>>> print(open('model07.tsv').read())   # TSV, C-alpha atoms
chain	number	residue	atom	x	y	z
A	202	MET	CA	0.00	0.00	0.00
A	203	ARG	CA	1.66	3.21	-1.24
A	204	THR	CA	1.97	6.08	1.26
A	205	VAL	CA	1.55	9.56	-0.19
A	206	LEU	CA	2.03	12.86	1.61
A	207	ILE	CA	0.00	15.74	0.16
A	208	SER	CA	0.91	19.28	1.16
A	209	GLY	CA	-2.21	21.46	1.11
A	210	ALA	CA	-5.79	20.65	2.19
A	211	GLY	CA	-7.44	22.86	-0.40
A	212	VAL	CA	-9.22	21.92	-3.61
A	213	ALA	CA	-6.39	19.95	-5.21
A	214	GLY	CA	-5.19	18.22	-2.06
A	215	SER	CA	-8.57	16.97	-0.87
A	216	THR	CA	-9.58	15.78	-4.32
A	217	LEU	CA	-6.35	13.85	-4.72
A	218	ALA	CA	-6.70	12.31	-1.25
A	219	TYR	CA	-10.20	11.08	-2.14
A	220	TRP	CA	-9.08	9.32	-5.33
A	221	LEU	CA	-5.84	7.94	-3.93
A	222	ALA	CA	-7.66	6.35	-1.00
A	223	ARG	CA	-10.09	4.66	-3.39
A	224	ALA	CA	-7.20	3.32	-5.42
A	225	GLY	CA	-5.66	1.65	-2.36
A	226	SER	CA	-3.05	4.21	-1.34
A	227	ARG	CA	-2.68	5.71	2.13
A	228	PRO	CA	-2.84	9.51	1.74
A	229	THR	CA	-1.80	11.93	4.46
A	230	VAL	CA	-2.65	15.62	3.98
A	231	VAL	CA	-0.71	18.29	5.86
A	232	GLU	CA	-2.02	21.86	5.97
A	233	ARG	CA	-0.30	24.94	7.37
A	234	ALA	CA	-3.59	26.53	8.49
A	235	ASN	CA	-5.24	25.33	11.69
A	236	GLY	CA	-8.40	24.26	9.88
A	237	GLN	CA	-10.48	24.70	6.77
A	238	ARG	CA	-10.60	28.35	5.77
A	239	SER	CA	-13.96	30.13	6.11
A	240	SER	CA	-13.58	32.70	3.32
A	241	GLY	CA	-12.73	32.68	-0.35
A	242	ASN	CA	-13.58	34.07	-3.73
A	243	PRO	CA	-16.30	32.53	-5.90
A	244	VAL	CA	-14.79	29.97	-8.26
A	245	ASP	CA	-16.19	27.92	-11.11
A	246	VAL	CA	-16.45	24.14	-11.29
A	247	ARG	CA	-16.68	23.45	-14.99
A	248	GLY	CA	-15.16	21.72	-18.00
A	249	PRO	CA	-13.09	18.63	-17.13
A	250	ALA	CA	-13.86	19.08	-13.41
A	251	LEU	CA	-17.57	18.32	-13.87
A	252	PRO	CA	-17.20	14.57	-14.53
A	253	VAL	CA	-14.90	14.33	-11.51
A	254	VAL	CA	-17.35	15.88	-9.03
A	255	GLU	CA	-20.13	13.77	-10.55
A	256	GLN	CA	-18.12	10.62	-9.82
A	257	MET	CA	-17.39	11.86	-6.30
A	258	GLY	CA	-21.10	12.30	-5.63
A	259	VAL	CA	-20.80	15.91	-4.47
A	260	VAL	CA	-22.85	17.68	-7.15
A	261	ASP	CA	-25.88	18.15	-4.90
A	262	ALA	CA	-23.71	19.56	-2.12
A	263	LEU	CA	-22.16	22.02	-4.57
A	264	ARG	CA	-25.56	23.09	-5.88
A	265	ALA	CA	-26.69	23.73	-2.30
A	266	VAL	CA	-23.94	26.32	-1.78
A	267	ALA	CA	-23.84	27.73	-5.32
A	268	THR	CA	-23.72	31.47	-5.70
A	269	GLN	CA	-26.72	33.30	-7.10
A	270	ALA	CA	-24.85	35.15	-9.86
A	271	THR	CA	-26.48	34.63	-13.24
A	272	GLY	CA	-25.69	37.96	-14.91
A	273	MET	CA	-23.46	41.00	-14.86
A	274	ARG	CA	-23.76	44.76	-15.25
A	275	PHE	CA	-21.23	47.52	-15.80
A	276	VAL	CA	-21.43	50.47	-13.45
A	277	HIS	CA	-20.98	54.11	-14.49
A	278	PRO	CA	-19.22	56.56	-12.13
A	279	SER	CA	-22.63	57.98	-11.16
A	280	GLY	CA	-23.83	54.52	-10.13
A	281	ARG	CA	-26.05	54.02	-13.18
A	282	LEU	CA	-26.11	50.39	-14.32
A	283	SER	CA	-25.81	49.07	-17.84
A	284	ARG	CA	-28.33	46.62	-19.21
A	285	ARG	CA	-28.08	43.15	-17.73
A	286	MET	CA	-26.00	40.55	-19.57
A	287	SER	CA	-26.58	36.88	-18.85
A	288	MET	CA	-23.89	34.35	-17.98
A	289	PRO	CA	-25.19	31.11	-19.52
A	290	ALA	CA	-23.82	27.92	-17.96
A	291	LYS	CA	-22.43	25.01	-19.95
A	292	ARG	CA	-23.17	21.40	-19.06
A	293	SER	CA	-21.24	18.16	-18.81
A	294	ALA	CA	-22.03	15.17	-21.00
A	295	ALA	CA	-24.19	13.88	-18.14
A	296	GLY	CA	-26.16	17.12	-18.09
A	297	THR	CA	-24.65	18.65	-14.95
A	298	PRO	CA	-24.42	22.44	-15.32
A	299	GLU	CA	-21.23	24.20	-14.37
A	300	VAL	CA	-21.53	25.75	-10.94
A	301	GLU	CA	-19.98	28.73	-9.16
A	302	VAL	CA	-19.33	28.33	-5.44
A	303	PRO	CA	-17.28	30.16	-2.81
A	304	ARG	CA	-13.84	28.59	-2.82
A	305	ALA	CA	-13.98	27.84	0.91
A	306	ASP	CA	-17.23	25.91	0.44
A	307	LEU	CA	-15.75	23.96	-2.45
A	308	ALA	CA	-12.72	23.00	-0.37
A	309	ARG	CA	-14.94	22.07	2.59
A	310	ILE	CA	-17.13	19.79	0.48
A	311	LEU	CA	-14.14	18.05	-1.09
A	312	TYR	CA	-12.56	17.63	2.35
A	313	ALA	CA	-15.78	16.07	3.67
A	314	ALA	CA	-15.71	13.57	0.81
A	315	ALA	CA	-12.12	12.56	1.60
A	316	CYS	CA	-11.68	12.90	5.36
A	317	ASP	CA	-12.97	9.45	6.39
A	318	ASP	CA	-10.39	7.69	4.23
A	319	ALA	CA	-7.35	9.96	4.56
A	320	GLU	CA	-5.30	11.39	7.41
A	321	PHE	CA	-5.49	15.18	7.70
A	322	VAL	CA	-2.93	17.06	9.81
A	323	TYR	CA	-3.59	20.77	10.40
A	324	GLY	CA	-1.33	23.47	11.79
A	325	ASP	CA	1.88	22.06	10.36
A	326	THR	CA	4.05	22.36	7.27
A	327	ILE	CA	6.95	20.61	5.55
A	328	THR	CA	10.41	22.07	6.19
A	329	ARG	CA	12.74	19.50	4.59
A	330	LEU	CA	12.59	16.72	1.99
A	331	ASP	CA	15.31	14.06	1.64
A	332	GLN	CA	14.82	11.55	-1.17
A	333	ASP	CA	16.46	8.22	-1.83
A	334	ALA	CA	15.69	5.28	-4.10
A	335	GLY	CA	12.98	3.94	-1.81
A	336	GLY	CA	11.12	6.98	-0.51
A	337	VAL	CA	11.15	10.47	0.95
A	338	ASP	CA	12.09	11.43	4.50
A	339	VAL	CA	9.99	14.44	5.49
A	340	THR	CA	10.75	16.89	8.26
A	341	PHE	CA	7.87	18.96	9.64
A	342	GLU	CA	7.83	22.27	11.46
A	343	CYS	CA	5.86	20.84	14.41
A	344	GLY	CA	5.29	17.11	14.14
A	345	PRO	CA	7.84	14.27	14.12
A	346	ALA	CA	9.68	13.34	10.93
A	347	ARG	CA	8.03	10.66	8.79
A	348	ARG	CA	8.80	8.66	5.67
A	349	PHE	CA	6.54	8.41	2.61
A	350	ASP	CA	6.71	6.73	-0.76
A	351	LEU	CA	5.71	9.92	-2.61
A	352	VAL	CA	5.15	13.63	-1.86
A	353	VAL	CA	2.70	15.88	-3.69
A	354	GLY	CA	2.87	19.67	-3.53
A	355	ALA	CA	-0.73	20.87	-3.75
A	356	ASP	CA	0.07	23.95	-1.68
A	357	GLY	CA	-0.67	26.73	-4.13
A	358	LEU	CA	1.17	29.56	-5.79
A	359	HIS	CA	3.64	29.95	-2.91
A	360	SER	CA	4.29	26.21	-2.61
A	361	ALA	CA	6.71	25.09	0.10
A	362	VAL	CA	7.14	21.73	-1.63
A	363	ARG	CA	8.14	23.42	-4.88
A	364	ARG	CA	10.69	25.56	-3.05
A	365	LEU	CA	12.20	22.56	-1.25
A	366	ALA	CA	12.29	20.16	-4.21
A	367	PHE	CA	12.73	22.46	-7.20
A	368	GLY	CA	14.27	25.72	-6.01
A	369	PRO	CA	13.42	29.30	-4.96
A	370	GLU	CA	10.02	30.72	-5.88
A	371	GLY	CA	11.61	33.49	-7.92
A	372	ASP	CA	13.01	30.92	-10.36
A	373	PHE	CA	9.55	29.76	-11.43
A	374	VAL	CA	6.90	32.36	-10.54
A	375	ARG	CA	6.38	35.17	-13.06
A	376	HIS	CA	4.46	38.29	-12.05
A	377	PHE	CA	1.58	38.92	-14.45
A	378	GLY	CA	1.39	42.65	-13.83
A	379	VAL	CA	-1.82	42.42	-11.81
A	380	TYR	CA	-2.73	42.34	-8.11
A	381	VAL	CA	-6.01	41.28	-6.53
A	382	ALA	CA	-7.63	41.99	-3.16
A	383	THR	CA	-10.93	40.55	-1.96
A	384	THR	CA	-13.02	40.63	1.17
A	385	PRO	CA	-16.63	39.79	2.14
A	386	LEU	CA	-18.89	42.76	2.81
A	387	GLY	CA	-21.32	40.88	5.05
A	388	GLU	CA	-24.36	42.65	3.64
A	389	PRO	CA	-27.05	41.92	1.04
A	390	PRO	CA	-25.91	42.69	-2.51
A	391	GLU	CA	-27.15	45.72	-4.39
A	392	GLU	CA	-28.26	43.40	-7.21
A	393	SER	CA	-29.20	39.94	-5.93
A	394	HIS	CA	-28.20	38.00	-9.05
A	395	ASP	CA	-25.73	40.29	-10.81
A	396	VAL	CA	-21.99	40.85	-10.59
A	397	LEU	CA	-21.35	44.62	-10.75
A	398	LEU	CA	-18.18	45.75	-12.54
A	399	TYR	CA	-16.75	49.26	-12.26
A	400	ASN	CA	-13.71	50.02	-14.40
A	401	THR	CA	-11.27	52.84	-14.81
A	402	PRO	CA	-8.12	52.31	-16.90
A	403	GLY	CA	-6.10	49.52	-15.33
A	404	ARG	CA	-8.42	49.17	-12.34
A	405	LEU	CA	-11.55	47.19	-11.50
A	406	VAL	CA	-13.86	47.11	-8.52
A	407	ALA	CA	-16.36	44.24	-8.60
A	408	VAL	CA	-19.17	43.42	-6.19
A	409	HIS	CA	-20.36	39.83	-6.29
A	410	PRO	CA	-23.74	38.75	-4.85
A	411	ALA	CA	-22.43	35.37	-3.59
A	412	ARG	CA	-25.32	33.79	-1.64
A	413	GLY	CA	-27.09	36.86	-0.37
A	414	LYS	CA	-23.93	38.27	1.23
A	415	ALA	CA	-21.93	40.46	-1.12
A	416	GLY	CA	-18.18	40.38	-1.55
A	417	VAL	CA	-15.90	42.95	-3.15
A	418	ALA	CA	-12.83	42.47	-5.33
A	419	PHE	CA	-10.20	45.03	-6.33
A	420	ILE	CA	-8.19	43.91	-9.36
A	421	PHE	CA	-5.61	46.29	-10.77
A	422	ARG	CA	-2.58	46.46	-13.01
A	423	HIS	CA	0.67	47.23	-11.22
A	424	PRO	CA	4.31	46.33	-11.81
A	425	ALA	CA	5.93	43.89	-9.42
A	426	VAL	CA	6.42	45.45	-6.00
A	427	PRO	CA	10.03	45.05	-4.78
A	428	GLY	CA	10.09	43.02	-1.60
A	429	PHE	CA	6.47	41.90	-1.93
A	430	ASP	CA	5.49	39.48	0.84
A	431	HIS	CA	2.23	37.58	0.37
A	432	ARG	CA	1.90	37.30	4.17
A	433	ASP	CA	2.42	41.01	5.02
A	434	SER	CA	-1.10	42.41	5.46
A	435	ALA	CA	0.12	45.92	6.32
A	436	GLN	CA	2.06	46.05	3.05
A	437	HIS	CA	-1.03	44.81	1.18
A	438	ARG	CA	-3.19	47.60	2.56
A	439	ARG	CA	-0.62	50.22	1.55
A	440	ILE	CA	-0.42	48.90	-2.01
A	441	LEU	CA	-4.20	48.79	-2.32
A	442	ALA	CA	-4.64	52.33	-0.99
A	443	GLN	CA	-2.04	53.69	-3.39
A	444	ALA	CA	-3.53	51.87	-6.36
A	445	TYR	CA	-6.99	53.41	-5.87
A	446	ALA	CA	-5.93	56.80	-4.52
A	447	GLY	CA	-8.01	59.57	-6.02
A	448	GLU	CA	-10.75	57.29	-7.36
A	449	ARG	CA	-14.12	58.85	-6.44
A	450	GLY	CA	-16.55	57.10	-8.78
A	451	TRP	CA	-19.47	54.93	-7.70
A	452	ARG	CA	-18.91	53.38	-4.22
A	453	VAL	CA	-15.14	53.04	-4.55
A	454	PRO	CA	-14.08	55.24	-1.58
A	455	GLU	CA	-16.52	53.48	0.74
A	456	LEU	CA	-15.59	49.98	-0.46
A	457	LEU	CA	-11.89	50.78	-0.25
A	458	ALA	CA	-12.25	52.02	3.32
A	459	ARG	CA	-14.08	48.84	4.29
A	460	ALA	CA	-11.41	46.67	2.70
A	461	GLN	CA	-8.74	48.55	4.64
A	462	ARG	CA	-10.55	47.74	7.92
A	463	ALA	CA	-11.35	44.12	7.07
A	464	ASP	CA	-9.87	41.36	9.20
A	465	ASP	CA	-9.97	38.81	6.36
A	466	LEU	CA	-8.57	40.76	3.42
A	467	TYR	CA	-7.07	38.44	0.81
A	468	PHE	CA	-4.31	40.01	-1.27
A	469	ASP	CA	-1.78	38.58	-3.69
A	470	ALA	CA	-0.05	39.09	-7.01
A	471	VAL	CA	-1.55	37.41	-10.03
A	472	SER	CA	1.29	35.21	-11.23
A	473	ARG	CA	2.15	32.42	-13.60
A	474	VAL	CA	4.16	29.37	-12.61
A	475	VAL	CA	6.55	28.20	-15.34
A	476	LEU	CA	8.29	24.85	-14.81
A	477	PRO	CA	10.06	22.62	-17.33
A	478	SER	CA	8.81	19.58	-15.39
A	479	TRP	CA	6.24	19.07	-12.67
A	480	SER	CA	8.13	16.27	-10.95
A	481	ALA	CA	11.52	15.78	-9.33
A	482	GLY	CA	12.20	12.19	-8.32
A	483	ARG	CA	9.46	11.12	-5.92
A	484	VAL	CA	8.00	14.62	-5.61
A	485	VAL	CA	5.31	16.01	-7.93
A	486	LEU	CA	3.35	19.26	-8.09
A	487	LEU	CA	-0.41	19.71	-8.54
A	488	GLY	CA	-2.77	22.65	-9.04
A	489	ASP	CA	-1.52	26.22	-8.79
A	490	ALA	CA	1.83	24.97	-7.50
A	491	ALA	CA	2.54	23.55	-10.95
A	492	ALA	CA	0.91	25.69	-13.60
A	493	LEU	CA	-1.70	28.18	-14.77
A	494	VAL	CA	-2.08	31.88	-14.15
A	495	SER	CA	-3.66	32.48	-10.75
A	496	LEU	CA	-7.07	34.22	-11.07
A	497	PHE	CA	-7.33	33.90	-14.87
A	498	GLY	CA	-6.81	30.19	-15.45
A	499	ASP	CA	-9.79	28.21	-14.06
A	500	GLY	CA	-7.52	27.18	-11.21
A	501	SER	CA	-10.06	25.27	-9.11
A	502	SER	CA	-11.48	23.32	-12.04
A	503	MET	CA	-7.97	22.48	-13.24
A	504	ALA	CA	-6.98	21.41	-9.72
A	505	ILE	CA	-9.90	18.98	-9.54
A	506	ALA	CA	-9.25	17.57	-13.01
A	507	GLY	CA	-5.50	17.33	-12.41
A	508	ALA	CA	-5.95	15.49	-9.13
A	509	ARG	CA	-8.11	12.88	-10.84
A	510	THR	CA	-5.57	12.49	-13.66
A	511	LEU	CA	-2.67	12.08	-11.23
A	512	ALA	CA	-4.50	9.53	-9.09
A	513	ALA	CA	-5.48	7.51	-12.15
A	514	ALA	CA	-1.92	7.54	-13.47
A	515	LEU	CA	-0.55	6.29	-10.16
A	516	THR	CA	-2.78	3.21	-10.30
A	517	GLU	CA	-1.22	2.01	-13.56
A	518	GLY	CA	2.52	1.89	-12.97
A	519	ASP	CA	5.60	3.12	-11.16
A	520	HIS	CA	5.73	6.73	-10.09
A	521	VAL	CA	8.16	7.83	-12.81
A	522	ALA	CA	5.86	6.71	-15.63
A	523	ALA	CA	2.81	7.93	-13.71
A	524	PHE	CA	4.18	11.43	-13.21
A	525	ARG	CA	5.14	11.60	-16.87
A	526	ARG	CA	1.68	10.50	-18.01
A	527	TYR	CA	-0.12	12.85	-15.61
A	528	GLU	CA	1.88	15.86	-16.79
A	529	ALA	CA	1.48	15.07	-20.48
A	530	GLU	CA	-2.28	14.63	-20.15
A	531	HIS	CA	-2.95	17.56	-17.85
A	532	ARG	CA	-0.80	20.09	-19.71
A	533	ARG	CA	-3.27	19.72	-22.58
A	534	HIS	CA	-5.80	21.45	-20.31
A	535	THR	CA	-3.56	23.96	-18.55
A	536	ASP	CA	-1.35	25.24	-21.34
A	537	PRO	CA	-4.16	26.74	-23.48
A	538	ARG	CA	-5.65	28.43	-20.43
A	539	GLY	CA	-2.30	29.94	-19.55
A	540	ARG	CA	-1.95	31.31	-23.06
A	541	GLY	CA	-5.44	32.80	-22.86
A	542	ALA	CA	-4.79	34.68	-19.64
A	543	GLY	CA	-3.71	37.84	-21.46
A	544	LEU	CA	-7.05	38.07	-23.25
A	545	ALA	CA	-8.91	37.48	-19.98
A	546	ALA	CA	-6.96	40.31	-18.34
A	547	ALA	CA	-7.65	42.63	-21.29
A	548	MET	CA	-11.40	41.99	-20.97
A	549	LEU	CA	-11.50	42.28	-17.18
A	550	ILE	CA	-9.13	45.22	-16.66
A	551	PRO	CA	-8.57	47.15	-19.90
A	552	LYS	CA	-5.46	49.33	-19.80
A	553	SER	CA	-7.01	52.47	-21.33
A	554	ARG	CA	-10.30	54.32	-21.39
A	555	ALA	CA	-10.67	53.36	-25.06
A	556	GLY	CA	-10.16	49.75	-24.00
A	557	VAL	CA	-12.94	50.03	-21.43
A	558	VAL	CA	-15.31	51.45	-24.06
A	559	THR	CA	-14.40	48.72	-26.55
A	560	ARG	CA	-14.81	45.96	-23.95
A	561	ASN	CA	-18.23	47.30	-22.95
A	562	ALA	CA	-19.32	47.42	-26.58
A	563	LEU	CA	-18.23	43.83	-27.13
A	564	ALA	CA	-20.06	42.74	-23.97
A	565	LYS	CA	-23.29	44.03	-25.48
A	566	LEU	CA	-23.08	41.13	-27.92
A	567	LEU	CA	-23.75	38.76	-25.02
A	568	PRO	CA	-27.36	37.59	-24.60
A	569	PRO	CA	-29.41	40.06	-22.54
A	570	GLY	CA	-30.28	38.95	-19.05
A	571	ARG	CA	-33.78	38.05	-18.00
>>> encode(input="model07.tsv", output="structure tokens")
Amino acid sequence: MRTVLISGAGVAGSTLAYWLARAGSRPTVVERANGQRSSGNPVDVRGPALPVVEQMGVVDALRAVATQATGMRFVHPSGRLSRRMSMPAKRSAAGTPEVEVPRADLARILYAAACDDAEFVYGDTITRLDQDAGGVDVTFECGPARRFDLVVGADGLHSAVRRLAFGPEGDFVRHFGVYVATTPLGEPPEESHDVLLYNTPGRLVAVHPARGKAGVAFIFRHPAVPGFDHRDSAQHRRILAQAYAGERGWRVPELLARAQRADDLYFDAVSRVVLPSWSAGRVVLLGDAAALVSLFGDGSSMAIAGARTLAAALTEGDHVAAFRRYEAEHRRHTDPRGRGAGLAAAMLIPKSRAGVVTRNALAKLLPPGR
């Protein structure tokens, strides 16, 4: 029975633990946080992820926590709203529609599906990996050292496993020229089923209805900040304040002030991970730790699909061949999405006023909302 250590109890890690356990492996999941996170941006479960969640039997649970967003509107500086544009959902071959859920709810549901058959260790992280021909000796920050057959880094953009097994983050993470900040507002949305988008050149403020409790996102173009630390909340608030200084349109001053006071402000650089290989010996990367452009690349859906592909590959041979097969198959999904990130950024945060006008005109070609 193969022992597999998975770093990260989020979307990728819990999905992989579920499938590995069913294939006869013994997965252990270690998570730096002390428990499942309670906040998170809305994310889509669609495309190749839909058959996976169908097979896991969690579609009904996802539908129960789905957001209520079915359309979007652009907001003028005065607060006037554009006509409503619908966001039609695609379906899987089995007829399951794609679903948007808060990321924390998605991770919680996937954890619930896996937790009875996998070991989950919270409040700890990996600090050292030592490989040999037979396995990996793992040193933890808090718990005792242990030995595993394989190690999977499913610990996100700032992966500790990638740093330990592949090298410093700066060697592989490329800043995309965009930062994002989000926080829940804890109040009913202005439009119960519409995402509201307010743009000025290079800046976006979006209010999402979620499930009756609105959340706000600030997404803006900005060159890489020297010395940026994804854990320094005081630095994040300074960057955000500077990026939106002088903006007086719509509700921006009020929303910015609330974000500055928020206890659970999420802030990070939108980045792309570029690796020549996703594996190094007995260590392999999964989800945002391996590929895609964070925010613009269907990260959660790709994490679910990638976890299923990796688990299936590991049932059919030794780890070297399995890692090679997993990467070859999954890159067919991730590479096109990475290449399309520039277009997604251009549509979401146009660089110029003319770009905003053009984007809005193109959006009018979408079906009107009902």
>>> residues_near_point(input="model07.tsv", point="(-23.9, 54.8, -13.9)", cutoff="12 Å", atoms="all atoms listed in the file", output="list in words")
Arg274, Phe275, Val276, His277, Pro278, Ser279, Gly280, Arg281, Leu282, Ser283, Arg284, Leu397, Leu398, Tyr399, Asn400, Gly450, Trp451 and Arg452 of chain A
>>> closest_residue(input="model07.tsv", among="A:Gly556, A:Pro477, A:Cys316, A:Arg412", to="Arg532 (chain A)", atoms="all atoms listed in the file")
A:Pro477
>>> closest_residue(input="model07.tsv", among="A:Leu544, A:Ala265, A:Leu496, A:Val230", to="Ser472 (chain A)", atoms="all atoms listed in the file")
A:Leu496
>>> atom_distance(input="model07.tsv", atom1="CA of Pro385 (chain A)", atom2="CA of Arg459 (chain A)")
9.6 Å
>>> closest_residue(input="model07.tsv", among="A:Phe373, A:Phe421, A:Tyr467, A:Tyr323", to="Ala547 (chain A)", atoms="only C-alpha atoms")
A:Phe421
>>> closest_residue(input="model07.tsv", among="A:Thr204, A:Gly543, A:Leu307, A:Leu515", to="Arg347 (chain A)", atoms="only C-alpha atoms")
A:Thr204
>>> closest_atom_pairs(input="model07.tsv", of="region 246-355 of chain A", to="region 366-369 of chain A", cutoff="9 Å", atoms="only C-alpha atoms", output="JSON lines")
{"residue": "A:Arg329", "atom": "CA", "partner": "A:Ala366", "partner_atom": "CA", "distance": 8.8}
{"residue": "A:Leu330", "atom": "CA", "partner": "A:Ala366", "partner_atom": "CA", "distance": 7.1}
{"residue": "A:Asp331", "atom": "CA", "partner": "A:Ala366", "partner_atom": "CA", "distance": 9.0}
>>> closest_residue(input="model07.tsv", among="A:Ala319, A:Ala504, A:Ala234, A:Val417", to="Thr384 (chain A)", atoms="only C-alpha atoms")
A:Val417
>>> closest_residue(input="model07.tsv", among="A:Gly518, A:Gly371, A:Gly482, A:Gly447", to="His359 (chain A)", atoms="all atoms listed in the file")
A:Gly371
>>> atom_distance(input="model07.tsv", atom1="CA of Arg439 (chain A)", atom2="CA of His376 (chain A)")
18.8 Å
>>> residues_around(input="model07.tsv", residues="Ala506 (chain A)", least_positions_apart="2", cutoff="10 Å", atoms="all atoms listed in the file", output="list of chain:residue names")
A:Ala213, A:Thr216, A:Leu217, A:Val246, A:Arg247, A:Gly248, A:Pro249, A:Ala250, A:Leu251, A:Pro252, A:Val253, A:Val254, A:Gly488, A:Gly500, A:Ser501, A:Ser502, A:Met503, A:Ala504, A:Ala508, A:Arg509, A:Thr510, A:Leu511, A:His531, A:His534
>>> residues_around(input="model07.tsv", residues="Lys414 (chain A)", least_positions_apart="6", cutoff="10 Å", atoms="all atoms listed in the file", output="count of residues only")
9
>>> atom_distance(input="model07.tsv", atom1="CA of Asp317 (chain A)", atom2="CA of Arg203 (chain A)")
17.6 Å
>>> residues_around(input="model07.tsv", residues="Gly403 (chain A)", least_positions_apart="6", cutoff="10 Å", atoms="all atoms listed in the file", output="list in words")
Val379, Ile420, Phe421, Arg422, His423, Ala444, Ala546, Ala547, Leu549, Ile550, Pro551, Lys552, Ser553, Arg554, Gly556 and Val557 of chain A
>>> write_last_selection(input="model07.tsv", atoms="C-alpha atoms", output="short mmCIF file (atom, residue, chain, number, x, y, z; two decimals), keeping the file's coordinate frame")
data_model
loop_
_atom_site.label_atom_id
_atom_site.label_comp_id
_atom_site.auth_asym_id
_atom_site.auth_seq_id
_atom_site.Cartn_x
_atom_site.Cartn_y
_atom_site.Cartn_z
CA VAL A 379 -1.82 42.42 -11.81
CA ILE A 420 -8.19 43.91 -9.36
CA PHE A 421 -5.61 46.29 -10.77
CA ARG A 422 -2.58 46.46 -13.01
CA HIS A 423 0.67 47.23 -11.22
CA ALA A 444 -3.53 51.87 -6.36
CA ALA A 546 -6.96 40.31 -18.34
CA ALA A 547 -7.65 42.63 -21.29
CA LEU A 549 -11.50 42.28 -17.18
CA ILE A 550 -9.13 45.22 -16.66
CA PRO A 551 -8.57 47.15 -19.90
CA LYS A 552 -5.46 49.33 -19.80
CA SER A 553 -7.01 52.47 -21.33
CA ARG A 554 -10.30 54.32 -21.39
CA GLY A 556 -10.16 49.75 -24.00
CA VAL A 557 -12.94 50.03 -21.43
#
>>> axis_aligned_box(input="model07.tsv", around="region 439-445 of chain A", padding_each_side="5 Å", output="JSON")
{"center_x": -3.7, "center_y": 51.2, "center_z": -2.4, "size_x": 16.6, "size_y": 14.9, "size_z": 17.9}
>>> residues_near_point(input="model07.tsv", point="(-10.8, 42.1, -2.2)", cutoff="7 Å", atoms="all atoms listed in the file", output="count of residues only")
11
>>> residues_around(input="model07.tsv", residues="Gly258 (chain A)", least_positions_apart="3", cutoff="12 Å", atoms="all atoms listed in the file", output="ChimeraX atom specification")
/A:219,251-255,261-264,297,310-311,313-315
